[in-house]
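Structure data follow from upload.pdb (PDB, C-alpha atoms and all ligand atoms):
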```pdb
ATOM      1  CA  MET Q 168      -2.563 -23.931 -27.916
ATOM      2  CA  SER Q 169      -2.901 -20.168 -28.281
ATOM      3  CA  THR Q 170      -6.251 -18.564 -27.465
ATOM      4  CA  THR Q 171      -5.299 -15.282 -29.097
ATOM      5  CA  PRO Q 172      -8.049 -14.427 -31.554
ATOM      6  CA  THR Q 173      -7.401 -14.387 -35.250
ATOM      7  CA  PRO Q 174      -8.651 -11.306 -37.080
ATOM      8  CA  ALA Q 175     -11.493 -13.494 -38.377
ATOM      9  CA  ASP Q 176     -12.897 -13.774 -34.824
ATOM     10  CA  GLN Q 177     -13.787 -10.068 -34.679
ATOM     11  CA  GLU Q 178     -16.030 -10.613 -31.668
ATOM     12  CA  PHE Q 179     -15.723  -6.944 -30.657
ATOM     13  CA  ALA Q 180     -16.427  -5.533 -34.134
ATOM     14  CA  GLY Q 181     -18.648  -2.463 -33.958
ATOM     15  CA  ARG Q 182     -17.872  -1.947 -30.252
ATOM     16  CA  THR Q 183     -15.931   0.888 -28.718
ATOM     17  CA  ALA Q 184     -13.799   0.145 -25.651
ATOM     18  CA  LEU Q 185     -12.313   2.692 -23.233
ATOM     19  CA  ILE Q 186      -9.310   1.492 -21.199
ATOM     20  CA  THR Q 187      -8.014   3.631 -18.335
ATOM     21  CA  GLY Q 188      -4.311   3.167 -17.733
ATOM     22  CA  GLY Q 189      -4.121   1.796 -21.271
ATOM     23  CA  ALA Q 190      -0.616   3.116 -21.967
ATOM     24  CA  SER Q 191       1.264   0.399 -20.053
ATOM     25  CA  GLY Q 192       1.245  -3.118 -18.657
ATOM     26  CA  ILE Q 193      -2.102  -4.881 -18.356
ATOM     27  CA  GLY Q 194      -4.077  -2.019 -19.930
ATOM     28  CA  LEU Q 195      -1.795  -1.953 -22.967
ATOM     29  CA  ALA Q 196      -2.028  -5.736 -23.412
ATOM     30  CA  LEU Q 197      -5.797  -5.475 -23.210
ATOM     31  CA  ALA Q 198      -5.849  -2.654 -25.763
ATOM     32  CA  HIS Q 199      -4.063  -4.972 -28.203
ATOM     33  CA  ARG Q 200      -6.325  -7.920 -27.310
ATOM     34  CA  LEU Q 201      -9.565  -5.969 -27.830
ATOM     35  CA  ALA Q 202      -8.270  -4.345 -31.007
ATOM     36  CA  ALA Q 203      -7.359  -7.808 -32.370
ATOM     37  CA  GLY Q 204     -11.001  -8.740 -31.734
ATOM     38  CA  GLY Q 205     -12.201  -5.790 -33.814
ATOM     39  CA  ALA Q 206     -12.935  -3.145 -31.147
ATOM     40  CA  SER Q 207     -12.261   0.551 -31.611
ATOM     41  CA  VAL Q 208     -10.048   1.333 -28.626
ATOM     42  CA  VAL Q 209      -9.697   4.538 -26.626
ATOM     43  CA  VAL Q 210      -6.467   4.539 -24.630
ATOM     44  CA  ALA Q 211      -7.034   6.858 -21.653
ATOM     45  CA  ASP Q 212      -4.035   7.603 -19.468
ATOM     46  CA  TYR Q 213      -2.438  10.482 -17.594
ATOM     47  CA  ASP Q 214       0.742   9.495 -19.413
ATOM     48  CA  GLU Q 215      -0.347  11.256 -22.592
ATOM     49  CA  ALA Q 216       2.830  10.437 -24.532
ATOM     50  CA  GLY Q 217       2.459   6.769 -23.564
ATOM     51  CA  ALA Q 218      -1.167   6.761 -24.696
ATOM     52  CA  ARG Q 219      -0.195   8.262 -28.074
ATOM     53  CA  LYS Q 220       2.576   5.686 -28.509
ATOM     54  CA  ALA Q 221       0.120   2.871 -27.726
ATOM     55  CA  VAL Q 222      -2.328   4.250 -30.291
ATOM     56  CA  ALA Q 223       0.395   4.478 -32.939
ATOM     57  CA  GLU Q 224       1.199   0.787 -32.315
ATOM     58  CA  LEU Q 225      -2.481  -0.186 -32.489
ATOM     59  CA  GLU Q 226      -3.016   1.763 -35.692
ATOM     60  CA  SER Q 227       0.042   0.245 -37.305
ATOM     61  CA  ALA Q 228      -1.499  -3.170 -36.520
ATOM     62  CA  GLY Q 229      -4.614  -2.047 -38.429
ATOM     63  CA  ALA Q 230      -6.831  -1.123 -35.472
ATOM     64  CA  LYS Q 231      -9.067   1.894 -34.950
ATOM     65  CA  ALA Q 232      -7.744   3.654 -31.853
ATOM     66  CA  ALA Q 233      -7.545   7.075 -30.217
ATOM     67  CA  ALA Q 234      -5.631   8.482 -27.268
ATOM     68  CA  VAL Q 235      -7.003  10.781 -24.587
ATOM     69  CA  ALA Q 236      -5.253  12.372 -21.623
ATOM     70  CA  MET Q 237      -7.226  11.395 -18.536
ATOM     71  CA  ASP Q 238      -6.447  11.599 -14.824
ATOM     72  CA  VAL Q 239      -8.806   9.188 -13.080
ATOM     73  CA  THR Q 240      -8.453  11.090  -9.800
ATOM     74  CA  ASP Q 241     -10.184  14.093 -11.434
ATOM     75  CA  PRO Q 242     -13.904  13.581 -12.180
ATOM     76  CA  ALA Q 243     -13.959  16.402 -14.752
ATOM     77  CA  SER Q 244     -11.069  14.779 -16.619
ATOM     78  CA  VAL Q 245     -12.862  11.415 -16.574
ATOM     79  CA  GLU Q 246     -16.121  12.974 -17.797
ATOM     80  CA  ALA Q 247     -14.246  14.654 -20.675
ATOM     81  CA  GLY Q 248     -12.476  11.397 -21.575
ATOM     82  CA  VAL Q 249     -15.742   9.461 -21.771
ATOM     83  CA  ARG Q 250     -17.259  12.241 -23.891
ATOM     84  CA  PHE Q 251     -14.198  12.052 -26.171
ATOM     85  CA  ALA Q 252     -14.746   8.303 -26.657
ATOM     86  CA  VAL Q 253     -18.409   8.789 -27.578
ATOM     87  CA  ASP Q 254     -17.654  11.755 -29.859
ATOM     88  CA  THR Q 255     -14.785   9.942 -31.601
ATOM     89  CA  PHE Q 256     -16.377   6.561 -32.244
ATOM     90  CA  GLY Q 257     -20.116   7.310 -31.873
ATOM     91  CA  ALA Q 258     -20.893   5.290 -28.736
ATOM     92  CA  LEU Q 259     -19.290   3.522 -25.774
ATOM     93  CA  HIS Q 260     -19.965  -0.196 -25.211
ATOM     94  CA  LEU Q 261     -17.039  -1.545 -23.189
ATOM     95  CA  ALA Q 262     -14.919  -0.077 -20.385
ATOM     96  CA  VAL Q 263     -11.948  -1.347 -18.435
ATOM     97  CA  ASN Q 264     -11.194   0.640 -15.287
ATOM     98  CA  ASN Q 265      -7.600  -0.384 -14.916
ATOM     99  CA  ALA Q 266      -5.525   2.711 -14.037
ATOM    100  CA  GLY Q 267      -3.743   2.066 -10.767
ATOM    101  CA  ILE Q 268      -0.651   2.708  -8.688
ATOM    102  CA  GLY Q 269       1.124   0.624  -6.063
ATOM    103  CA  GLY Q 270       2.053   3.217  -3.442
ATOM    104  CA  PRO Q 271       4.884   2.921  -0.949
ATOM    105  CA  SER Q 272       5.288   0.026   1.486
ATOM    106  CA  SER Q 273       4.923   0.800   5.176
ATOM    107  CA  PRO Q 274       2.885  -0.503   8.134
ATOM    108  CA  THR Q 275      -0.573   0.962   8.706
ATOM    109  CA  GLY Q 276       0.533   2.789  11.882
ATOM    110  CA  GLU Q 277       3.254   4.591   9.918
ATOM    111  CA  TYR Q 278       1.575   4.980   6.520
ATOM    112  CA  ALA Q 279       1.724   8.588   5.305
ATOM    113  CA  VAL Q 280      -1.749  10.105   5.098
ATOM    114  CA  GLU Q 281      -0.944  11.737   1.755
ATOM    115  CA  ASP Q 282       0.095   8.335   0.311
ATOM    116  CA  TRP Q 283      -3.164   6.804   1.572
ATOM    117  CA  ASN Q 284      -5.146   9.593  -0.097
ATOM    118  CA  ARG Q 285      -3.252   9.279  -3.397
ATOM    119  CA  VAL Q 286      -3.603   5.491  -3.630
ATOM    120  CA  VAL Q 287      -7.288   5.487  -2.664
ATOM    121  CA  ALA Q 288      -7.997   8.417  -5.033
ATOM    122  CA  THR Q 289      -6.484   6.501  -7.946
ATOM    123  CA  ASN Q 290      -7.356   2.879  -7.242
ATOM    124  CA  LEU Q 291     -10.840   3.261  -5.729
ATOM    125  CA  SER Q 292     -12.274   6.740  -6.378
ATOM    126  CA  GLY Q 293     -10.855   6.535  -9.914
ATOM    127  CA  VAL Q 294     -12.947   3.424 -10.560
ATOM    128  CA  PHE Q 295     -16.053   5.136  -9.180
ATOM    129  CA  TYR Q 296     -15.497   8.293 -11.259
ATOM    130  CA  SER Q 297     -14.955   6.153 -14.335
ATOM    131  CA  MET Q 298     -18.170   4.159 -13.888
ATOM    132  CA  ARG Q 299     -20.026   7.358 -12.926
ATOM    133  CA  TYR Q 300     -19.525   8.671 -16.470
ATOM    134  CA  GLU Q 301     -19.173   5.430 -18.437
ATOM    135  CA  LEU Q 302     -22.389   3.766 -17.283
ATOM    136  CA  PRO Q 303     -24.813   6.393 -18.648
ATOM    137  CA  ALA Q 304     -22.939   6.271 -21.962
ATOM    138  CA  ILE Q 305     -23.037   2.454 -22.099
ATOM    139  CA  VAL Q 306     -26.770   2.425 -21.264
ATOM    140  CA  ALA Q 307     -27.325   5.019 -24.018
ATOM    141  CA  ALA Q 308     -25.517   2.671 -26.431
ATOM    142  CA  GLY Q 309     -28.001  -0.104 -25.601
ATOM    143  CA  GLY Q 310     -25.797  -2.048 -23.171
ATOM    144  CA  GLY Q 311     -22.316  -3.462 -22.853
ATOM    145  CA  ALA Q 312     -19.823  -4.589 -20.259
ATOM    146  CA  VAL Q 313     -17.355  -3.195 -17.718
ATOM    147  CA  VAL Q 314     -14.320  -4.805 -16.106
ATOM    148  CA  ASN Q 315     -12.823  -3.198 -13.011
ATOM    149  CA  MET Q 316      -9.213  -4.093 -12.233
ATOM    150  CA  SER Q 317      -8.951  -5.264  -8.640
ATOM    151  CA  SER Q 318      -6.166  -7.620  -7.518
ATOM    152  CA  ILE Q 319      -5.566 -10.774  -5.507
ATOM    153  CA  LEU Q 320      -5.312  -8.081  -2.825
ATOM    154  CA  GLY Q 321      -9.042  -7.507  -3.328
ATOM    155  CA  THR Q 322      -9.513 -10.598  -1.146
ATOM    156  CA  ASN Q 323      -6.175 -11.134   0.699
ATOM    157  CA  GLY Q 324      -4.318  -8.766   3.003
ATOM    158  CA  PHE Q 325      -0.715  -7.773   2.271
ATOM    159  CA  ALA Q 326       1.512  -6.367   5.021
ATOM    160  CA  GLY Q 327       2.820  -2.910   4.144
ATOM    161  CA  SER Q 328       0.127  -2.044   1.600
ATOM    162  CA  PRO Q 329      -2.905  -0.872   3.607
ATOM    163  CA  ALA Q 330      -4.120   1.693   1.070
ATOM    164  CA  TYR Q 331      -3.702  -0.605  -1.943
ATOM    165  CA  VAL Q 332      -5.406  -3.532  -0.203
ATOM    166  CA  ALA Q 333      -8.290  -1.396   1.081
ATOM    167  CA  ALA Q 334      -8.810   0.204  -2.332
ATOM    168  CA  LYS Q 335      -8.744  -3.143  -4.169
ATOM    169  CA  HIS Q 336     -11.231  -4.673  -1.683
ATOM    170  CA  GLY Q 337     -13.363  -1.564  -2.268
ATOM    171  CA  VAL Q 338     -13.312  -2.133  -6.023
ATOM    172  CA  VAL Q 339     -14.843  -5.589  -5.495
ATOM    173  CA  GLY Q 340     -17.736  -4.181  -3.425
ATOM    174  CA  LEU Q 341     -18.274  -1.303  -5.842
ATOM    175  CA  THR Q 342     -18.331  -3.764  -8.748
ATOM    176  CA  LYS Q 343     -20.971  -5.955  -7.097
ATOM    177  CA  THR Q 344     -23.159  -2.962  -6.265
ATOM    178  CA  ALA Q 345     -23.008  -1.424  -9.729
ATOM    179  CA  ALA Q 346     -23.657  -4.868 -11.251
ATOM    180  CA  LEU Q 347     -26.888  -5.196  -9.256
ATOM    181  CA  GLU Q 348     -27.996  -1.775 -10.404
ATOM    182  CA  TYR Q 349     -27.227  -2.274 -14.103
ATOM    183  CA  ALA Q 350     -27.883  -5.974 -14.816
ATOM    184  CA  ALA Q 351     -31.433  -5.283 -15.984
ATOM    185  CA  ARG Q 352     -30.116  -2.527 -18.254
ATOM    186  CA  ASP Q 353     -27.915  -5.004 -20.148
ATOM    187  CA  VAL Q 354     -24.651  -3.856 -18.641
ATOM    188  CA  ARG Q 355     -22.516  -6.603 -17.118
ATOM    189  CA  ILE Q 356     -19.962  -5.389 -14.569
ATOM    190  CA  ASN Q 357     -17.262  -7.691 -13.192
ATOM    191  CA  ALA Q 358     -13.928  -7.452 -11.409
ATOM    192  CA  VAL Q 359     -10.629  -9.166 -12.172
ATOM    193  CA  GLY Q 360      -8.121 -10.079  -9.474
ATOM    194  CA  PRO Q 361      -4.617 -10.661 -10.849
ATOM    195  CA  GLY Q 362      -1.837 -12.149  -8.763
ATOM    196  CA  PHE Q 363       1.507 -10.381  -9.150
ATOM    197  CA  ILE Q 364       2.072  -9.609 -12.815
ATOM    198  CA  ASP Q 365       5.338  -8.733 -14.516
ATOM    199  CA  THR Q 366       4.602  -5.128 -15.539
ATOM    200  CA  PRO Q 367       6.217  -1.717 -14.944
ATOM    201  CA  LEU Q 368       4.123  -1.481 -11.726
ATOM    202  CA  LEU Q 369       6.733  -3.775 -10.130
ATOM    203  CA  ARG Q 370       9.659  -1.735 -11.508
ATOM    204  CA  ASN Q 371      10.852  -0.676  -8.032
ATOM    205  CA  THR Q 372      10.876  -4.224  -6.662
ATOM    206  CA  ASP Q 373      14.405  -5.465  -5.831
ATOM    207  CA  SER Q 374      15.400  -9.027  -6.665
ATOM    208  CA  ALA Q 375      14.864 -10.386  -3.102
ATOM    209  CA  ALA Q 376      11.370  -8.904  -2.971
ATOM    210  CA  ARG Q 377      10.677 -10.206  -6.450
ATOM    211  CA  ASP Q 378      11.765 -13.716  -5.427
ATOM    212  CA  HIS Q 379       9.384 -13.463  -2.465
ATOM    213  CA  LEU Q 380       6.535 -12.444  -4.783
ATOM    214  CA  VAL Q 381       7.287 -15.362  -7.100
ATOM    215  CA  SER Q 382       7.218 -17.733  -4.100
ATOM    216  CA  LEU Q 383       3.617 -16.709  -3.370
ATOM    217  CA  HIS Q 384       2.472 -18.241  -6.657
ATOM    218  CA  PRO Q 385       2.336 -22.053  -6.874
ATOM    219  CA  ALA Q 386       2.838 -21.634 -10.631
ATOM    220  CA  GLY Q 387       6.425 -20.651  -9.747
ATOM    221  CA  ARG Q 388       6.449 -17.375 -11.682
ATOM    222  CA  LEU Q 389       4.743 -14.028 -11.996
ATOM    223  CA  GLY Q 390       1.883 -13.689 -14.447
ATOM    224  CA  THR Q 391       1.997 -11.834 -17.758
ATOM    225  CA  ALA Q 392      -0.126  -8.867 -18.791
ATOM    226  CA  GLU Q 393      -1.455 -10.966 -21.677
ATOM    227  CA  GLU Q 394      -2.753 -13.632 -19.270
ATOM    228  CA  VAL Q 395      -4.770 -10.993 -17.416
ATOM    229  CA  ALA Q 396      -5.945  -9.410 -20.667
ATOM    230  CA  GLU Q 397      -7.297 -12.763 -21.835
ATOM    231  CA  LEU Q 398      -9.577 -13.083 -18.787
ATOM    232  CA  ALA Q 399     -10.742  -9.477 -19.046
ATOM    233  CA  ALA Q 400     -11.451  -9.893 -22.766
ATOM    234  CA  PHE Q 401     -13.547 -12.974 -22.046
ATOM    235  CA  LEU Q 402     -15.568 -11.079 -19.417
ATOM    236  CA  LEU Q 403     -16.138  -8.223 -21.890
ATOM    237  CA  SER Q 404     -17.275 -10.582 -24.636
ATOM    238  CA  ASP Q 405     -20.724 -11.994 -25.316
ATOM    239  CA  ARG Q 406     -19.278 -15.392 -24.333
ATOM    240  CA  ALA Q 407     -19.650 -14.183 -20.718
ATOM    241  CA  SER Q 408     -23.329 -13.245 -21.193
ATOM    242  CA  PHE Q 409     -24.540 -14.655 -17.818
ATOM    243  CA  ILE Q 410     -21.614 -13.366 -15.720
ATOM    244  CA  HIS Q 411     -22.622 -10.364 -13.637
ATOM    245  CA  GLY Q 412     -21.136  -8.850 -10.493
ATOM    246  CA  SER Q 413     -18.422 -11.398  -9.863
ATOM    247  CA  TYR Q 414     -14.754 -11.250  -9.019
ATOM    248  CA  HIS Q 415     -12.453 -13.502 -11.067
ATOM    249  CA  LEU Q 416      -8.908 -14.393 -10.054
ATOM    250  CA  VAL Q 417      -5.988 -14.925 -12.431
ATOM    251  CA  ASP Q 418      -3.310 -15.570  -9.858
ATOM    252  CA  GLY Q 419      -1.130 -18.626 -10.592
ATOM    253  CA  GLY Q 420      -2.716 -20.387  -7.609
ATOM    254  CA  TYR Q 421      -1.838 -17.651  -5.044
ATOM    255  CA  SER Q 422      -5.276 -17.793  -3.422
ATOM    256  CA  ALA Q 423      -5.548 -21.574  -3.367
ATOM    257  CA  SER Q 424      -3.159 -22.096  -0.440
TER
HETATM  258  N1  LIG L   1       1.216  -5.678 -11.863
HETATM  259  C1  LIG L   1       0.637  -6.342 -10.876
HETATM  260  O1  LIG L   1       1.272  -7.146 -10.192
HETATM  261  C2  LIG L   1      -0.833  -6.155 -10.595
HETATM  262  C3  LIG L   1      -1.481  -7.114  -9.804
HETATM  263  C4  LIG L   1      -2.821  -6.967  -9.514
HETATM  264  C5  LIG L   1      -3.502  -5.868 -10.001
HETATM  265  N2  LIG L   1      -2.844  -4.948 -10.759
HETATM  266  C6  LIG L   1      -3.620  -3.795 -11.201
HETATM  267  O2  LIG L   1      -3.651  -3.752 -12.611
HETATM  268  C7  LIG L   1      -3.792  -2.401 -13.027
HETATM  269  C8  LIG L   1      -2.745  -2.102 -14.083
HETATM  270  O3  LIG L   1      -1.473  -2.246 -13.483
HETATM  271  P1  LIG L   1      -0.141  -2.560 -14.300
HETATM  272  O4  LIG L   1       0.552  -3.621 -13.564
HETATM  273  O5  LIG L   1      -0.454  -2.720 -15.736
HETATM  274  O6  LIG L   1       0.652  -1.198 -14.029
HETATM  275  P2  LIG L   1       1.409  -0.170 -15.010
HETATM  276  O7  LIG L   1       2.123   0.757 -14.088
HETATM  277  O8  LIG L   1       2.164  -0.892 -16.060
HETATM  278  O9  LIG L   1       0.194   0.594 -15.729
HETATM  279  C9  LIG L   1      -0.676   1.449 -15.020
HETATM  280  C10 LIG L   1      -1.137   2.531 -15.960
HETATM  281  O10 LIG L   1      -2.054   3.377 -15.229
HETATM  282  C11 LIG L   1      -1.735   4.721 -15.533
HETATM  283  N3  LIG L   1      -2.196   5.572 -14.427
HETATM  284  C12 LIG L   1      -1.768   5.601 -13.144
HETATM  285  N4  LIG L   1      -2.436   6.547 -12.449
HETATM  286  C13 LIG L   1      -3.301   7.126 -13.317
HETATM  287  C14 LIG L   1      -4.259   8.166 -13.208
HETATM  288  N5  LIG L   1      -4.445   8.843 -12.046
HETATM  289  N6  LIG L   1      -5.013   8.469 -14.281
HETATM  290  C15 LIG L   1      -4.820   7.828 -15.460
HETATM  291  N7  LIG L   1      -3.912   6.861 -15.640
HETATM  292  C16 LIG L   1      -3.164   6.499 -14.579
HETATM  293  C17 LIG L   1      -0.211   4.742 -15.686
HETATM  294  O11 LIG L   1       0.237   5.894 -16.403
HETATM  295  C18 LIG L   1       0.015   3.437 -16.432
HETATM  296  O12 LIG L   1      -0.067   3.621 -17.839
HETATM  297  C19 LIG L   1      -3.680  -1.542 -11.767
HETATM  298  O13 LIG L   1      -4.985  -1.207 -11.325
HETATM  299  C20 LIG L   1      -3.001  -2.470 -10.786
HETATM  300  O14 LIG L   1      -3.303  -2.147  -9.449
HETATM  301  C21 LIG L   1      -1.534  -5.067 -11.084
END
```
Could you show the structure in this file as C-alpha cells?
Amino acid sequence: MSTTPTPADQEFAGRTALITGGASGIGLALAHRLAAGGASVVVADYDEAGARKAVAELESAGAKAAAVAMDVTDPASVEAGVRFAVDTFGALHLAVNNAGIGGPSSPTGEYAVEDWNRVVATNLSGVFYSMRYELPAIVAAGGGAVVNMSSILGTNGFAGSPAYVAAKHGVVGLTKTAALEYAARDVRINAVGPGFIDTPLLRNTDSAARDHLVSLHPAGRLGTAEEVAELAAFLLSDRASFIHGSYHLVDGGYSAS
C-alpha cells in the first residue's frame, strides 16, 4: 500500500521548507514529497540550472517553489539562501540539510588532504553553516523541524572513505547537540542515515562495486530516493512531535548484521 500523501493530506500546508542539494537524488525526491504535502519548497543547490529545473517540475505539479543558488561550503552563500527563503515565502519552518558529495576512494594514509578538506567542508561544515542560519529563522517563525542527512556511514566505518565517514559521524553528533539546544524552543532536529541509495551520487560506481554495495543490504537491492524522502518527511511532520535529537536508519537491513 502506498504511503504517498494525497493532496488532501496537506500536512505541510502553510510551511516553508528549504532543501539543500534539492536539485538531485534524495533532495529532489524530498522536494516533491514535501510539496505534495502542501509545503512551499525552496530548492537550494550549487547546481543552479538543476535547481531551476526542479522548481519548474514542482510548479507544473501545482506546488509553490523557488530556486536559489547556494554553495553550502560558503557561509555567506548559505546566509543569503536562508534570507531568500524567508523573503520569498515569509518565514522558514522546515529545513533539510542534504547537500553532499562522495569524494574519491583511497586509504586514510594516502587520502589527499585537499579531498579531505572538500568532503568535510561540504558534508559536515555545510550542515553546520546551514543550521547556523536556519535555526534563528525557524525560531523566529515560532518553531519547526530540521533533518540532517547523515548516512549508514554515520555509524559504520567504510574502507576507502575516511573523510565521508568522519563527516557523516560528525553530522550525527552535531544533530544531537543542536537538538538539545533547541528542543525547548520548539525546533526538533534529527538525522537520517540511508544505506546505499540509487542516485546520481553513485554514478561513478562500476558494476562490480555496485554488486558489492547491493550485497551489503539484506534487502538485496539499493534503496530509492523516495524511500529516504518518506522517512525524512515523517520526521519533519507533526506526526514526529516527540522525536528530538535522534538518528534514524533507512538501510535495507545493512546495520542489522
Ligand atoms: N546515495 C547514497 O547512497 C547515499 C547514502 C547515504 C547518504 N547519502 C547522502 O544523501 C545526500 C544526498 O545525496 P544523493 O545521493 O541524493 O546525491 P546527489 O548527487 O544525487 O545529490 C546531491 C546534491 O547536492 C548538491 N551539492 C553538492 N555539493 C553542494 C554544495 N557545496 N552546495 C550546494 N549543493 C551541493 C548537488 O549539486 C546535488 O544536487 C548526501 O548528503 C549524501 O551523502 C547518500
- Message: Since I can't run it myself right now, could you work out what the PyMOL selection byres (((chain Q and resi 415) around 7) and not hetatm) selects here and report it as a PyMOL selection string?
- Response: chain Q and resi 358-360+413-414+416-417
- Task: For ligand LIG 1 (chain L), collect every residue having any atom at a distance of at most 6 Å from a ligand atom (counting all atoms listed in the file); output as a count of residues only.
- Result: 31
- Task: Enumerate, as JSON, numbers by chain, the residues matched when the PyMOL selection byres (((chain Q and resi 387) around 12) and not hetatm) is run on the file above.
- Result: {"Q": [362, 363, 377, 378, 379, 380, 381, 382, 383, 384, 385, 386, 388, 389, 390, 418, 419, 420, 421]}
With C-alpha atoms kept, could you save the residues just selected as an mmCIF file, in the coordinates of the input?
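Saved file again_13.cif follows:
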```
data_model
loop_
_atom_site.group_PDB
_atom_site.id
_atom_site.type_symbol
_atom_site.label_atom_id
_atom_site.label_comp_id
_atom_site.auth_asym_id
_atom_site.auth_seq_id
_atom_site.Cartn_x
_atom_site.Cartn_y
_atom_site.Cartn_z
ATOM 1 C CA GLY Q 362 -1.837 -12.149 -8.763
ATOM 2 C CA PHE Q 363 1.507 -10.381 -9.150
ATOM 3 C CA ARG Q 377 10.677 -10.206 -6.450
ATOM 4 C CA ASP Q 378 11.765 -13.716 -5.427
ATOM 5 C CA HIS Q 379 9.384 -13.463 -2.465
ATOM 6 C CA LEU Q 380 6.535 -12.444 -4.783
ATOM 7 C CA VAL Q 381 7.287 -15.362 -7.100
ATOM 8 C CA SER Q 382 7.218 -17.733 -4.100
ATOM 9 C CA LEU Q 383 3.617 -16.709 -3.370
ATOM 10 C CA HIS Q 384 2.472 -18.241 -6.657
ATOM 11 C CA PRO Q 385 2.336 -22.053 -6.874
ATOM 12 C CA ALA Q 386 2.838 -21.634 -10.631
ATOM 13 C CA ARG Q 388 6.449 -17.375 -11.682
ATOM 14 C CA LEU Q 389 4.743 -14.028 -11.996
ATOM 15 C CA GLY Q 390 1.883 -13.689 -14.447
ATOM 16 C CA ASP Q 418 -3.310 -15.570 -9.858
ATOM 17 C CA GLY Q 419 -1.130 -18.626 -10.592
ATOM 18 C CA GLY Q 420 -2.716 -20.387 -7.609
ATOM 19 C CA TYR Q 421 -1.838 -17.651 -5.044
#
```
- How many Å lie between CA of Asn323 (chain Q) and CA of Val338 (chain Q), rounded to one decimal?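 Taking CA of Asn323 (chain Q) and CA of Val338 (chain Q), their separation equals 13.3 Å.
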Output as a tab-separated table one row per residue of region 186-271 of chain Q within 8 Å of region 291-315 of chain Q: the closest atom pair and its distance in Å to one decimal place, counting only C-alpha atoms, sorted by chain and residue number ascending.
```
residue	atom	partner	partner_atom	distance
Q:Val239	CA	Q:Gly293	CA	4.6
Q:Thr240	CA	Q:Gly293	CA	5.2
Q:Asp241	CA	Q:Gly293	CA	7.7
Q:Pro242	CA	Q:Tyr296	CA	5.6
Q:Val245	CA	Q:Ser297	CA	6.1
Q:Glu246	CA	Q:Tyr300	CA	5.6
Q:Val249	CA	Q:Glu301	CA	6.3
Q:Val253	CA	Q:Ala304	CA	7.6
Q:Ala258	CA	Q:Ala308	CA	5.8
Q:Leu259	CA	Q:Ile305	CA	5.4
Q:His260	CA	Q:Gly311	CA	4.7
Q:Leu261	CA	Q:Ala312	CA	5.1
Q:Ala262	CA	Q:Val313	CA	4.8
Q:Val263	CA	Q:Val314	CA	4.8
Q:Asn264	CA	Q:Asn315	CA	4.8
Q:Asn265	CA	Q:Asn315	CA	6.2
Q:Ala266	CA	Q:Gly293	CA	7.7
```
- Message: Nearest residue to Leu185 (chain Q) out of Q:Glu348, Q:Val339, Q:Ala228, Q:Val210, using all atoms listed in the file?
- Response: Q:Val210
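With all atoms listed in the file as the basis for measurement, Q:Val209 is the residue among Q:His411, Q:Val222, Q:His336, Q:Val209 that approaches Gly248 (chain Q) most closely.
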- Item | Explicit residue set for the PyMOL selection byres (((chain Q and resi 197-200) around 8) and not hetatm), as a list in words |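 Evaluating the PyMOL selection byres (((chain Q and resi 197-200) around 8) and not hetatm) on this file yields Thr171, Pro172, Ile186, Gly189, Ile193, Gly194, Leu195, Ala196, Leu201, Ala202, Ala203, Gly204, Val208, Val210, Leu225, Ala392, Glu393, Ala396, Glu397, Ala399 and Ala400 of chain Q.
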- Can you tell me, as a list in words, what residues are no more than 12 Å from Gly324 (chain Q) when counting only C-alpha atoms, ignoring any on the same chain fewer than 2 positions away?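 Residues near the query, excluding close chain neighbours: Thr275, Ser318, Ile319, Leu320, Gly321, Thr322, Ala326, Gly327, Ser328, Pro329, Ala330, Tyr331, Val332, Ala333, Ala334, Lys335, His336 and Ser422 of chain Q.
Taking only C-alpha atoms into account, Ala407 (chain Q) lies nearest to Q:Ile356 out of the set Q:Ala206, Q:Ala423, Q:Val235, Q:Ile356.
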- Message: What does the structure give for the distance between CA of Ala234 (chain Q) and CA of Glu215 (chain Q), in Å to one decimal?
- Response: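 Computing the Euclidean distance for CA of Ala234 (chain Q) and CA of Glu215 (chain Q) yields 7.6 Å.
Counting from CA of Gly412 (chain Q), the distance to CA of Thr342 (chain Q) is 6.1 Å.
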